[in-house]
$ cat target-v2.cif   # mmCIF, C-alpha atoms and all ligand atoms
data_data
#
loop_
_atom_site.label_atom_id
_atom_site.label_comp_id
_atom_site.auth_asym_id
_atom_site.auth_seq_id
_atom_site.Cartn_x
_atom_site.Cartn_y
_atom_site.Cartn_z
CA MET K 1 0.00 0.00 0.00
CA ALA K 2 1.28 3.47 -0.85
CA THR K 3 2.49 5.70 1.95
CA PRO K 4 -0.39 7.87 3.13
CA LYS K 5 -0.25 11.50 4.15
CA VAL K 6 0.43 11.99 7.86
CA LEU K 7 -1.01 14.79 9.96
CA PHE K 8 0.22 15.59 13.47
CA LEU K 9 -2.29 17.82 15.27
CA ILE K 10 -0.51 19.12 18.36
CA ALA K 11 -2.49 20.78 21.15
CA ASP K 12 0.42 22.24 23.11
CA GLY K 13 0.11 21.59 26.85
CA MET K 14 -3.22 19.75 26.45
CA GLY K 15 -2.50 17.07 29.07
CA ASP K 16 -3.85 17.87 32.51
CA TRP K 17 -5.02 16.43 35.82
CA PRO K 18 -8.61 16.14 37.14
CA LEU K 19 -9.89 19.39 38.64
CA ALA K 20 -12.53 19.77 41.35
CA GLU K 21 -13.94 22.84 39.59
CA LEU K 22 -14.54 20.68 36.49
CA GLY K 23 -16.28 17.92 38.46
CA ASP K 24 -13.04 15.93 38.82
CA LYS K 25 -12.52 15.95 35.07
CA THR K 26 -9.51 17.17 33.11
CA PRO K 27 -10.06 20.07 30.68
CA LEU K 28 -9.86 17.54 27.82
CA GLU K 29 -12.55 15.41 29.50
CA ALA K 30 -14.72 18.40 30.36
CA ALA K 31 -14.52 19.90 26.86
CA ALA K 32 -17.08 18.95 24.21
CA THR K 33 -14.81 17.35 21.58
CA PRO K 34 -17.07 15.24 19.37
CA ASN K 35 -14.62 15.18 16.47
CA MET K 36 -11.69 13.90 18.50
CA ASP K 37 -13.99 11.39 20.17
CA GLU K 38 -15.10 10.05 16.81
CA LEU K 39 -11.48 9.86 15.72
CA ALA K 40 -10.47 8.17 19.00
CA ALA K 41 -12.95 5.36 18.44
CA MET K 42 -11.10 4.32 15.27
CA SER K 43 -7.57 5.03 16.52
CA LEU K 44 -4.67 3.41 18.22
CA MET K 45 -4.49 5.02 21.67
CA GLY K 46 -1.72 5.23 24.22
CA THR K 47 0.96 7.44 25.73
CA ILE K 48 4.33 8.82 24.70
CA ARG K 49 7.09 9.82 27.09
CA THR K 50 8.03 12.93 25.13
CA VAL K 51 10.54 14.21 27.68
CA PRO K 52 13.37 12.04 29.01
CA PRO K 53 13.22 11.98 32.84
CA GLU K 54 16.58 13.70 33.13
CA MET K 55 15.64 16.66 30.89
CA PRO K 56 13.36 19.61 31.75
CA PRO K 57 9.81 19.22 30.38
CA GLY K 58 9.91 22.06 27.87
CA SER K 59 8.18 22.45 24.52
CA ASP K 60 11.63 22.51 22.90
CA VAL K 61 12.59 19.04 24.11
CA ALA K 62 9.11 17.55 23.68
CA ASN K 63 8.38 18.86 20.18
CA MET K 64 11.86 17.84 19.02
CA ALA K 65 11.09 14.30 20.16
CA LEU K 66 7.74 14.28 18.34
CA PHE K 67 9.56 15.37 15.16
CA GLY K 68 11.50 12.10 15.54
CA PHE K 69 14.80 13.54 16.79
CA ASP K 70 16.35 12.31 20.04
CA PRO K 71 16.68 15.32 22.37
CA ALA K 72 19.54 13.64 24.22
CA ARG K 73 21.49 13.80 20.96
CA TYR K 74 20.26 16.96 19.23
CA HIS K 75 19.02 19.37 21.90
CA THR K 76 21.41 22.22 22.72
CA GLY K 77 18.92 24.62 24.33
CA ARG K 78 15.78 26.53 23.61
CA GLY K 79 17.44 29.70 22.39
CA PRO K 80 19.17 27.87 19.52
CA ILE K 81 15.85 26.46 18.26
CA GLU K 82 14.27 29.89 18.12
CA ALA K 83 17.36 31.35 16.46
CA ALA K 84 16.93 28.68 13.78
CA ALA K 85 13.38 29.96 13.27
CA GLN K 86 14.69 33.45 12.68
CA GLY K 87 17.28 32.19 10.22
CA LEU K 88 20.08 33.84 12.21
CA VAL K 89 23.56 33.25 10.84
CA LEU K 90 25.62 31.86 13.70
CA ASP K 91 29.10 30.54 14.41
CA PRO K 92 29.42 27.09 15.98
CA ASP K 93 30.86 28.66 19.15
CA ASP K 94 28.14 31.26 19.58
CA LEU K 95 25.88 30.96 22.62
CA VAL K 96 22.23 31.57 21.80
CA TRP K 97 19.85 32.63 24.59
CA ARG K 98 16.08 32.61 24.43
CA THR K 99 15.19 36.02 25.85
CA ASN K 100 11.73 36.88 27.15
CA LEU K 101 10.33 40.33 27.66
CA VAL K 102 8.86 39.98 31.16
CA THR K 103 7.22 41.96 33.94
CA ILE K 104 9.04 41.92 37.28
CA ASP K 105 8.13 43.73 40.48
CA ASP K 106 11.56 45.27 40.86
CA PHE K 107 15.16 44.65 39.85
CA ALA K 108 16.00 42.71 43.01
CA PRO K 109 16.46 39.03 43.92
CA SER K 110 13.60 39.10 46.42
CA ALA K 111 11.19 40.76 43.99
CA LEU K 112 8.63 38.59 42.19
CA MET K 113 8.41 37.45 38.58
CA ARG K 114 4.98 38.74 37.64
CA ASP K 115 4.51 37.83 34.01
CA TYR K 116 6.71 35.73 31.72
CA SER K 117 4.91 37.26 28.71
CA ALA K 118 4.84 40.98 29.68
CA GLY K 119 1.07 40.97 29.35
CA HIS K 120 1.31 39.06 26.06
CA ILE K 121 3.06 42.05 24.54
CA SER K 122 2.36 42.52 20.82
CA THR K 123 5.04 41.68 18.28
CA ASP K 124 5.12 45.31 17.06
CA VAL K 125 5.68 46.88 20.47
CA ALA K 126 8.16 44.17 21.39
CA ALA K 127 10.15 44.73 18.19
CA GLN K 128 10.48 48.44 19.02
CA VAL K 129 11.70 47.62 22.52
CA ILE K 130 14.22 44.99 21.42
CA THR K 131 15.49 47.22 18.60
CA ASP K 132 15.94 50.11 21.02
CA LEU K 133 17.76 47.91 23.54
CA GLN K 134 20.04 46.56 20.80
CA GLU K 135 20.87 50.08 19.61
CA HIS K 136 21.73 51.30 23.08
CA LEU K 137 23.05 48.19 24.85
CA GLY K 138 24.24 45.87 22.09
CA ASN K 139 28.02 45.43 21.89
CA ASP K 140 30.72 43.15 20.46
CA THR K 141 29.62 40.35 22.79
CA PHE K 142 25.84 40.61 22.95
CA THR K 143 23.31 41.09 20.11
CA LEU K 144 19.53 41.16 20.65
CA HIS K 145 17.27 39.97 17.82
CA PRO K 146 13.51 40.62 17.87
CA GLY K 147 11.21 37.60 17.58
CA VAL K 148 7.49 37.06 18.13
CA GLN K 149 5.47 38.62 20.97
CA TYR K 150 7.47 38.15 24.20
CA ARG K 151 9.97 35.67 22.69
CA HIS K 152 13.32 37.03 21.50
CA THR K 153 16.91 35.98 21.01
CA LEU K 154 20.20 37.10 22.51
CA VAL K 155 23.38 35.95 20.78
CA GLN K 156 26.59 35.94 22.78
CA LYS K 157 29.54 35.91 20.36
CA GLY K 158 31.78 32.91 21.13
CA GLY K 159 29.85 32.32 24.35
CA ALA K 160 29.60 28.54 23.94
CA VAL K 161 33.19 28.28 25.19
CA GLN K 162 32.69 30.85 27.97
CA PRO K 163 31.46 30.29 31.56
CA GLU K 164 28.00 31.62 30.59
CA ALA K 165 27.36 28.34 28.73
CA ASP K 166 26.84 26.62 32.10
CA ILE K 167 24.69 29.24 33.83
CA LEU K 168 21.25 27.95 34.84
CA VAL K 169 18.48 30.57 34.67
CA ARG K 170 14.98 29.18 35.18
CA PRO K 171 12.32 29.59 32.48
CA PRO K 172 10.27 32.62 33.57
CA HIS K 173 6.99 30.71 33.08
CA ASP K 174 8.16 28.34 35.81
CA ILE K 175 8.44 31.05 38.47
CA THR K 176 5.29 33.13 38.10
CA ASP K 177 4.69 35.08 41.33
CA GLN K 178 7.87 33.67 42.83
CA PRO K 179 11.07 35.45 43.97
CA MET K 180 13.93 35.53 41.48
CA ASP K 181 16.81 34.94 43.92
CA GLU K 182 18.19 31.81 42.20
CA ASP K 183 18.12 33.49 38.85
CA PHE K 184 19.69 36.73 40.03
CA ALA K 185 22.51 34.66 41.51
CA ALA K 186 22.87 32.99 38.11
CA PHE K 187 22.90 36.32 36.23
CA ALA K 188 25.39 37.73 38.76
CA SER K 189 27.81 34.87 38.12
CA SER K 190 28.60 36.68 34.86
CA GLN K 191 29.28 40.38 35.32
CA ARG K 192 28.67 41.22 31.67
CA LEU K 193 25.37 39.32 31.57
CA TYR K 194 24.20 40.92 34.82
CA ASP K 195 25.18 44.36 33.52
CA LEU K 196 23.16 43.79 30.35
CA VAL K 197 20.04 42.63 32.19
CA ARG K 198 20.28 45.53 34.66
CA ALA K 199 20.90 48.11 31.95
CA ALA K 200 17.89 46.81 30.01
CA PHE K 201 15.69 47.16 33.10
CA GLU K 202 16.91 50.72 33.66
CA ARG K 203 16.39 51.71 30.03
CA MET K 204 12.91 50.20 29.88
CA GLN K 205 11.74 52.49 32.70
CA SER K 206 11.69 55.30 30.15
CA LEU K 207 10.52 53.28 27.13
CA ASP K 208 6.99 52.93 25.89
CA SER K 209 7.17 49.19 26.45
CA GLY K 210 3.71 48.22 27.67
CA ALA K 211 3.90 45.78 30.57
CA ALA K 212 7.47 44.80 29.69
CA ASN K 213 10.08 46.11 32.11
CA ALA K 214 12.88 43.55 31.89
CA ILE K 215 14.62 41.03 29.65
CA TRP K 216 15.09 37.45 30.81
CA PRO K 217 17.81 35.46 29.01
CA TRP K 218 17.57 31.67 29.56
CA GLY K 219 17.65 28.35 27.67
CA GLN K 220 21.07 29.05 26.12
CA GLY K 221 23.09 26.69 23.95
CA ARG K 222 25.13 26.16 20.81
CA PRO K 223 23.40 26.59 17.42
CA LEU K 224 20.94 23.79 16.58
CA ILE K 225 21.73 21.27 13.84
CA LEU K 226 19.13 18.62 12.88
CA ASP K 227 19.07 15.98 10.13
CA ASP K 228 16.96 16.50 7.02
CA PHE K 229 13.39 15.38 7.82
CA LYS K 230 12.69 13.93 4.38
CA LYS K 231 15.95 11.99 4.29
CA SER K 232 15.32 10.74 7.82
CA PHE K 233 11.68 9.68 7.47
CA GLY K 234 10.87 9.72 3.75
CA LEU K 235 8.18 12.38 4.13
CA ALA K 236 8.10 15.84 2.57
CA GLY K 237 7.06 17.77 5.67
CA ALA K 238 5.87 21.17 6.79
CA VAL K 239 5.10 22.95 10.05
CA VAL K 240 2.24 25.34 10.80
CA THR K 241 2.58 27.22 14.07
CA ALA K 242 2.51 30.57 15.80
CA VAL K 243 5.62 29.92 17.85
CA ASP K 244 9.22 30.33 16.84
CA LEU K 245 10.51 27.22 18.54
CA VAL K 246 8.37 24.94 16.35
CA ARG K 247 9.31 27.01 13.29
CA GLY K 248 12.93 26.60 14.29
CA LEU K 249 12.68 22.83 14.55
CA GLY K 250 11.05 22.74 11.14
CA ARG K 251 13.61 25.00 9.56
CA ALA K 252 16.54 23.13 11.10
CA ALA K 253 15.11 19.86 9.67
CA ASN K 254 14.70 21.42 6.19
CA MET K 255 10.91 21.30 6.38
CA ALA K 256 8.62 23.88 4.84
CA VAL K 257 7.49 26.54 7.31
CA LEU K 258 3.99 27.62 6.30
CA GLU K 259 3.37 31.20 7.37
CA VAL K 260 -0.24 32.07 8.21
CA GLU K 261 -1.55 35.60 8.79
CA GLY K 262 -3.02 36.34 12.19
CA VAL K 263 -1.68 33.42 14.20
CA THR K 264 -1.23 34.46 17.82
CA GLY K 265 -0.46 31.43 19.97
CA LEU K 266 -3.60 32.32 21.92
CA LEU K 267 -7.29 31.33 21.95
CA ASN K 268 -8.06 33.86 19.21
CA THR K 269 -5.58 32.46 16.67
CA ASN K 270 -6.35 32.06 12.97
CA TYR K 271 -7.52 28.42 13.04
CA GLU K 272 -9.04 28.59 9.56
CA GLY K 273 -5.80 29.93 8.11
CA LYS K 274 -3.84 27.07 9.66
CA VAL K 275 -6.26 24.52 8.22
CA ALA K 276 -6.13 26.11 4.78
CA ALA K 277 -2.31 26.17 4.75
CA THR K 278 -2.25 22.52 5.81
CA LEU K 279 -4.65 21.41 3.08
CA ASP K 280 -2.76 23.41 0.51
CA PHE K 281 0.56 21.79 1.44
CA LEU K 282 -0.93 18.28 1.44
CA GLN K 283 -1.78 18.69 -2.25
CA HIS K 284 1.87 17.80 -2.90
CA GLY K 285 3.50 17.21 0.51
CA ASP K 286 3.27 14.18 2.82
CA PHE K 287 3.40 15.40 6.41
CA VAL K 288 2.17 18.44 8.33
CA TYR K 289 2.96 19.25 11.94
CA LEU K 290 0.09 21.55 12.87
CA HIS K 291 0.78 23.12 16.26
CA VAL K 292 -1.72 25.07 18.39
CA GLU K 293 -0.28 26.88 21.40
CA ALA K 294 -3.47 28.01 23.18
CA PRO K 295 -4.03 25.08 25.59
CA ASP K 296 -0.52 25.57 26.98
CA GLU K 297 -0.99 29.31 27.47
CA CYS K 298 -4.30 28.58 29.28
CA GLY K 299 -2.48 26.07 31.48
CA HIS K 300 0.09 28.71 32.39
CA SER K 301 -2.60 31.26 33.16
CA GLY K 302 -4.30 28.67 35.39
CA ILE K 303 -7.82 29.34 34.10
CA ALA K 304 -9.58 26.00 33.68
CA SER K 305 -12.53 27.33 31.69
CA ASP K 306 -10.16 28.88 29.14
CA LYS K 307 -8.36 25.58 28.70
CA VAL K 308 -11.68 23.81 28.16
CA GLU K 309 -12.51 26.43 25.53
CA ALA K 310 -9.08 25.97 23.91
CA MET K 311 -9.76 22.25 23.52
CA GLN K 312 -13.22 22.89 22.12
CA ARG K 313 -11.87 25.29 19.51
CA PHE K 314 -9.08 22.84 18.64
CA ASP K 315 -11.72 20.16 18.11
CA ALA K 316 -14.23 22.29 16.19
CA ARG K 317 -11.88 24.45 14.15
CA ILE K 318 -8.82 22.24 13.54
CA VAL K 319 -9.84 18.59 13.82
CA ALA K 320 -13.34 18.91 12.32
CA PRO K 321 -12.55 20.85 9.14
CA LEU K 322 -9.45 18.76 8.38
CA ARG K 323 -11.38 15.51 8.78
CA GLN K 324 -14.15 16.87 6.60
CA ALA K 325 -11.83 18.12 3.88
CA LEU K 326 -9.77 14.91 3.82
CA ALA K 327 -12.64 12.44 4.16
CA GLY K 328 -12.15 9.39 1.97
CA GLN K 329 -8.42 10.02 1.50
CA ASP K 330 -5.64 7.91 2.95
CA VAL K 331 -4.54 10.32 5.69
CA VAL K 332 -3.20 9.26 9.08
CA PHE K 333 -4.49 11.56 11.83
CA VAL K 334 -2.45 11.87 15.01
CA VAL K 335 -3.70 14.02 17.90
CA THR K 336 -1.39 14.53 20.84
CA CYS K 337 0.48 17.17 22.81
CA ASP K 338 4.08 17.92 23.56
CA HIS K 339 3.66 17.86 27.34
CA TYR K 340 1.17 18.36 30.17
CA THR K 341 0.60 21.89 31.46
CA PRO K 342 -1.64 21.16 34.47
CA ILE K 343 -3.84 24.05 35.56
CA VAL K 344 -2.89 23.50 39.21
CA GLU K 345 0.84 23.58 38.42
CA ARG K 346 0.73 26.42 35.88
CA THR K 347 3.83 24.89 34.33
CA HIS K 348 4.90 21.79 32.42
CA THR K 349 5.29 18.30 33.91
CA HIS K 350 6.95 15.05 32.83
CA ASP K 351 3.70 13.03 32.54
CA PRO K 352 3.72 10.83 29.42
CA VAL K 353 1.27 12.45 26.98
CA PRO K 354 -1.89 10.85 25.54
CA PHE K 355 -2.11 10.24 21.80
CA ILE K 356 -4.52 8.86 19.25
CA ALA K 357 -3.44 7.71 15.78
CA ALA K 358 -6.08 6.84 13.19
CA ILE K 359 -4.61 4.67 10.42
CA ASP K 360 -6.88 3.26 7.72
CA GLY K 361 -6.75 -0.52 7.92
CA VAL K 362 -5.34 -0.69 11.47
CA ALA K 363 -7.88 -1.74 14.11
CA PRO K 364 -8.07 0.18 17.39
CA ASN K 365 -6.38 -1.33 20.45
CA HIS K 366 -9.34 -0.38 22.69
CA THR K 367 -13.11 0.07 22.71
CA ASN K 368 -13.20 3.69 23.95
CA THR K 369 -15.45 6.23 22.30
CA THR K 370 -13.69 9.28 23.67
CA PHE K 371 -10.15 10.64 24.14
CA SER K 372 -8.73 11.39 27.55
CA GLU K 373 -5.56 11.22 29.59
CA ALA K 374 -6.97 8.41 31.77
CA LEU K 375 -8.07 6.25 28.83
CA ALA K 376 -4.69 6.72 27.14
CA ASN K 377 -2.94 5.72 30.37
CA GLN K 378 -5.09 2.57 30.56
CA ALA K 379 -4.44 1.57 26.95
CA ASP K 380 -1.66 -0.88 26.13
CA ILE K 381 0.66 1.24 23.97
CA HIS K 382 3.28 3.21 25.90
CA LEU K 383 6.28 4.58 24.05
CA ASP K 384 9.13 5.29 26.44
CA ALA K 385 11.11 7.54 24.12
CA GLY K 386 9.32 10.34 22.31
CA HIS K 387 11.58 10.27 19.26
CA GLU K 388 10.58 6.65 18.65
CA PHE K 389 6.93 7.59 18.13
CA LEU K 390 7.23 8.71 14.49
CA PRO K 391 9.27 5.65 13.40
CA TRP K 392 6.84 3.43 15.34
CA LEU K 393 3.90 5.06 13.56
CA LEU K 394 5.51 4.68 10.12
CA ASP K 395 6.12 1.03 10.95
CA ARG K 396 2.43 0.54 11.81
CA ILE K 397 1.53 2.23 8.52
CA HIS K 398 3.91 0.18 6.36
CA ASN K 399 2.90 -3.12 7.96
CA ARG K 400 -0.85 -2.67 7.81
ZN ZN U 501 4.28 26.09 28.03
#

$ encode --input "target-v2.cif" --output "structure tokens" --more "lines below"
Ligand SMILES: [Zn+2]
Amino acid sequence: MATPKVLFLIADGMGDWPLAELGDKTPLEAAATPNMDELAAMSLMGTIRTVPPEMPPGSDVANMALFGFDPARYHTGRGPIEAAAQGLVLDPDDLVWRTNLVTIDDFAPSALMRDYSAGHISTDVAAQVITDLQEHLGNDTFTLHPGVQYRHTLVQKGGAVQPEADILVRPPHDITDQPMDEDFAAFASSQRLYDLVRAAFERMQSLDSGAANAIWPWGQGRPLILDDFKKSFGLAGAVVTAVDLVRGLGRAANMAVLEVEGVTGLLNTNYEGKVAATLDFLQHGDFVYLHVEAPDECGHSGIASDKVEAMQRFDARIVAPLRQALAGQDVVFVVTCDHYTPIVERTHTHDPVPFIAAIDGVAPNHTNTTFSEALANQADIHLDAGHEFLPWLLDRIHNR
């Protein structure tokens, strides 16, 4: 049988734990998701350990694994993935930092991290801020590059062989409303890095920067190098996403990066545009990694009803129209997430993620008529290494 088209529909941060306010259901269970339920009934179901136990449960690690690349081998940091998205030209010894625009209470270790996203600052305002900071604070060592919304890049020339390569600054979304003492100690271990972060804070007092009043460099590493996706897996692939880290993975693997107007990474994203771009690519391509960020953002904000809504929109405006448009064609549908972002934690966890995979001609391994974390945990397919999921799936497809 010919190789079918393969669609990965990724609801970032979808996985969650039962919540009292949702009647002891998870957001996925509480949401009305008739299209995923229908798909689940005809799918293989199970879990994937997308993040190795010894690595932090970030979208960078987890998405890289779902693309079929072993994070233990390829992952150098989050900054490098986003730099790949921006097409930055880098030297092998450069150190690339993901840099958030954030809101902090004060420039002091005991002050609190208020908002890792600076009030979800717009890309336009953020670009003005980063450009201003680069003009006034950039130097031979440090260069700031504007990215999307609150996500930017700081390149430290030759930094991969400097002490800064080993500094551990926590992701700002992990320390919402917490003191920043550990991180200030980390910044202060490099005088030049500390000076840059402090100078940015001081300059932003007088800038029209919305809620943003500080930069937060973290997730640093050497430039990212991945293998060619088509050579590795035999599929001409593309990514559709609002976030630079998924773009970066796609670009580094020589996949097409389909740009869609009006994607935001939030509940109000351009779902229809993402679906249209996906269908267009599948006319000639084989594989689309369609990523929706909203469930993760809702998990970070800790608002259960928003996360329920995010799953309902994902079901009604991503899953439904794609299934409708591709009905009768040999298309493998996979629905999963990169990691859990439990509402009660407001950050990511290591829980193995639930997946469904509908392959024409492959019988389900269960009798469920809905899709949930609990049902996936009870099923009998559990992949212990995330990067083995795609090869495992292709094996199921080729042996059907
Ligand atoms: Zn997240």

$ residues_near_ligand --input "target-v2.cif" --ligand "ligand ZN 501 (chain U)" --cutoff "12 Å" --atoms "all atoms listed in the file" --output "MDAnalysis selection string"
chainID K and resid 11:15 56:63 116:117 171:174 243 245 265:266 292:302 337:343 345:349

$ residues_around --input "target-v2.cif" --residues "Ala374 (chain K)" --least-positions-apart "5" --cutoff "12 Å" --atoms "only C-alpha atoms" --output "number ranges by chain"
K: 15-18, 24-26, 28-29, 45-47, 351-355, 368, 379

$ atom_distance --input "target-v2.cif" --atom1 "CA of Trp216 (chain K)" --atom2 "CA of Asp124 (chain K)"
18.7 Å

$ atom_distance --input "target-v2.cif" --atom1 "CA of Met180 (chain K)" --atom2 "CA of Pro109 (chain K)"
5.0 Å

$ closest_residue --input "target-v2.cif" --among "K:Asp227, K:Asp395, K:Ala358, K:Pro321" --to "Tyr74 (chain K)" --atoms "all atoms listed in the file"
K:Asp227

$ closest_residue --input "target-v2.cif" --among "K:Ala31, K:Ala357, K:Ala126, K:Val148" --to "Leu390 (chain K)" --atoms "only C-alpha atoms"
K:Ala357

$ axis_aligned_box --input "target-v2.cif" --around "region 29-43 of chain K" --padding-each-side "8 Å" --output "lines of an AutoDock Vina configuration file"
center_x = -12.3
center_y = 12.1
center_z = 22.8
size_x = 25.5
size_y = 31.6
size_z = 31.1

$ atom_distance --input "target-v2.cif" --atom1 "CA of Asn270 (chain K)" --atom2 "CA of His75 (chain K)"
29.7 Å

$ closest_residue --input "target-v2.cif" --among "K:Ala165, K:Ala188, K:Leu137, K:Val125" --to "Ala211 (chain K)" --atoms "only C-alpha atoms"
K:Val125

$ closest_residue --input "target-v2.cif" --among "K:Asp106, K:Phe187, K:Asp315, K:Gln86" --to "Thr33 (chain K)" --atoms "all atoms listed in the file"
K:Asp315

$ residues_near_point --input "target-v2.cif" --point "(-8.8, 24.0, 40.8)" --cutoff "7 Å" --atoms "all atoms listed in the file" --output "JSON, numbers by chain"
{"K": [19, 20, 21, 344]}

$ residues_around --input "target-v2.cif" --residues "Asp360 (chain K)" --least-positions-apart "4" --cutoff "10 Å" --atoms "all atoms listed in the file" --output "PyMOL selection string"
chain K and resi 4+42-43+328-333+397+400

$ residues_around --input "target-v2.cif" --residues "Arg114 (chain K)" --least-positions-apart "5" --cutoff "7 Å" --atoms "all atoms listed in the file" --output "list in words"
Thr103, Ile104, Asp105, Thr176 and Asp177 of chain K

$ closest_residue --input "target-v2.cif" --among "K:Ala376, K:Ala316, K:Leu154, K:Met55" --to "Val197 (chain K)" --atoms "all atoms listed in the file"
K:Leu154

$ residues_around --input "target-v2.cif" --residues "Lys157 (chain K)" --least-positions-apart "5" --cutoff "12 Å" --atoms "all atoms listed in the file" --output "PyMOL selection string"
chain K and resi 89-97+138-144+162+164-165+221-223

$ build_atoms --input "target-v2.cif" --residues "region 307-321 of chain K" --atoms "N, CA, C and O atoms" --output "PDB file, in the coordinates of the input"
ATOM      1  N   LYS K 307      -9.002  26.767  29.294  1.00  0.00           N
ATOM      2  CA  LYS K 307      -8.360  25.580  28.700  1.00  0.00           C
ATOM      3  C   LYS K 307      -9.420  24.664  28.087  1.00  0.00           C
ATOM      4  O   LYS K 307      -9.192  24.071  27.026  1.00  0.00           O
ATOM      5  N   VAL K 308     -10.570  24.568  28.737  1.00  0.00           N
ATOM      6  CA  VAL K 308     -11.680  23.810  28.160  1.00  0.00           C
ATOM      7  C   VAL K 308     -12.055  24.415  26.807  1.00  0.00           C
ATOM      8  O   VAL K 308     -12.213  23.716  25.799  1.00  0.00           O
ATOM      9  N   GLU K 309     -12.167  25.733  26.770  1.00  0.00           N
ATOM     10  CA  GLU K 309     -12.510  26.430  25.530  1.00  0.00           C
ATOM     11  C   GLU K 309     -11.431  26.197  24.458  1.00  0.00           C
ATOM     12  O   GLU K 309     -11.750  26.010  23.272  1.00  0.00           O
ATOM     13  N   ALA K 310     -10.170  26.206  24.875  1.00  0.00           N
ATOM     14  CA  ALA K 310      -9.080  25.970  23.910  1.00  0.00           C
ATOM     15  C   ALA K 310      -9.232  24.596  23.269  1.00  0.00           C
ATOM     16  O   ALA K 310      -9.039  24.437  22.063  1.00  0.00           O
ATOM     17  N   MET K 311      -9.606  23.596  24.075  1.00  0.00           N
ATOM     18  CA  MET K 311      -9.760  22.250  23.520  1.00  0.00           C
ATOM     19  C   MET K 311     -10.983  22.166  22.605  1.00  0.00           C
ATOM     20  O   MET K 311     -10.980  21.447  21.608  1.00  0.00           O
ATOM     21  N   GLN K 312     -12.018  22.908  22.966  1.00  0.00           N
ATOM     22  CA  GLN K 312     -13.220  22.890  22.120  1.00  0.00           C
ATOM     23  C   GLN K 312     -12.948  23.547  20.767  1.00  0.00           C
ATOM     24  O   GLN K 312     -13.407  23.060  19.724  1.00  0.00           O
ATOM     25  N   ARG K 313     -12.199  24.640  20.794  1.00  0.00           N
ATOM     26  CA  ARG K 313     -11.870  25.290  19.510  1.00  0.00           C
ATOM     27  C   ARG K 313     -10.947  24.408  18.678  1.00  0.00           C
ATOM     28  O   ARG K 313     -11.082  24.321  17.451  1.00  0.00           O
ATOM     29  N   PHE K 314      -9.987  23.758  19.342  1.00  0.00           N
ATOM     30  CA  PHE K 314      -9.080  22.840  18.640  1.00  0.00           C
ATOM     31  C   PHE K 314      -9.903  21.750  17.945  1.00  0.00           C
ATOM     32  O   PHE K 314      -9.657  21.407  16.786  1.00  0.00           O
ATOM     33  N   ASP K 315     -10.880  21.232  18.664  1.00  0.00           N
ATOM     34  CA  ASP K 315     -11.720  20.160  18.110  1.00  0.00           C
ATOM     35  C   ASP K 315     -12.582  20.663  16.947  1.00  0.00           C
ATOM     36  O   ASP K 315     -12.654  20.046  15.894  1.00  0.00           O
ATOM     37  N   ALA K 316     -13.242  21.807  17.169  1.00  0.00           N
ATOM     38  CA  ALA K 316     -14.230  22.290  16.190  1.00  0.00           C
ATOM     39  C   ALA K 316     -13.581  22.975  14.992  1.00  0.00           C
ATOM     40  O   ALA K 316     -14.121  22.933  13.891  1.00  0.00           O
ATOM     41  N   ARG K 317     -12.417  23.598  15.204  1.00  0.00           N
ATOM     42  CA  ARG K 317     -11.880  24.450  14.150  1.00  0.00           C
ATOM     43  C   ARG K 317     -10.580  23.946  13.541  1.00  0.00           C
ATOM     44  O   ARG K 317     -10.089  24.496  12.552  1.00  0.00           O
ATOM     45  N   ILE K 318      -9.993  22.899  14.139  1.00  0.00           N
ATOM     46  CA  ILE K 318      -8.820  22.240  13.540  1.00  0.00           C
ATOM     47  C   ILE K 318      -9.199  20.812  13.117  1.00  0.00           C
ATOM     48  O   ILE K 318      -9.154  20.462  11.936  1.00  0.00           O
ATOM     49  N   VAL K 319      -9.587  20.005  14.107  1.00  0.00           N
ATOM     50  CA  VAL K 319      -9.840  18.590  13.820  1.00  0.00           C
ATOM     51  C   VAL K 319     -11.015  18.422  12.848  1.00  0.00           C
ATOM     52  O   VAL K 319     -10.913  17.707  11.849  1.00  0.00           O
ATOM     53  N   ALA K 320     -12.133  19.102  13.134  1.00  0.00           N
ATOM     54  CA  ALA K 320     -13.340  18.910  12.320  1.00  0.00           C
ATOM     55  C   ALA K 320     -13.135  19.284  10.852  1.00  0.00           C
ATOM     56  O   ALA K 320     -13.397  18.466   9.968  1.00  0.00           O
ATOM     57  N   PRO K 321     -12.671  20.496  10.560  1.00  0.00           N
ATOM     58  CA  PRO K 321     -12.550  20.850   9.140  1.00  0.00           C
ATOM     59  C   PRO K 321     -11.526  20.019   8.392  1.00  0.00           C
ATOM     60  O   PRO K 321     -11.702  19.724   7.203  1.00  0.00           O
TER      61      PRO K 321
END
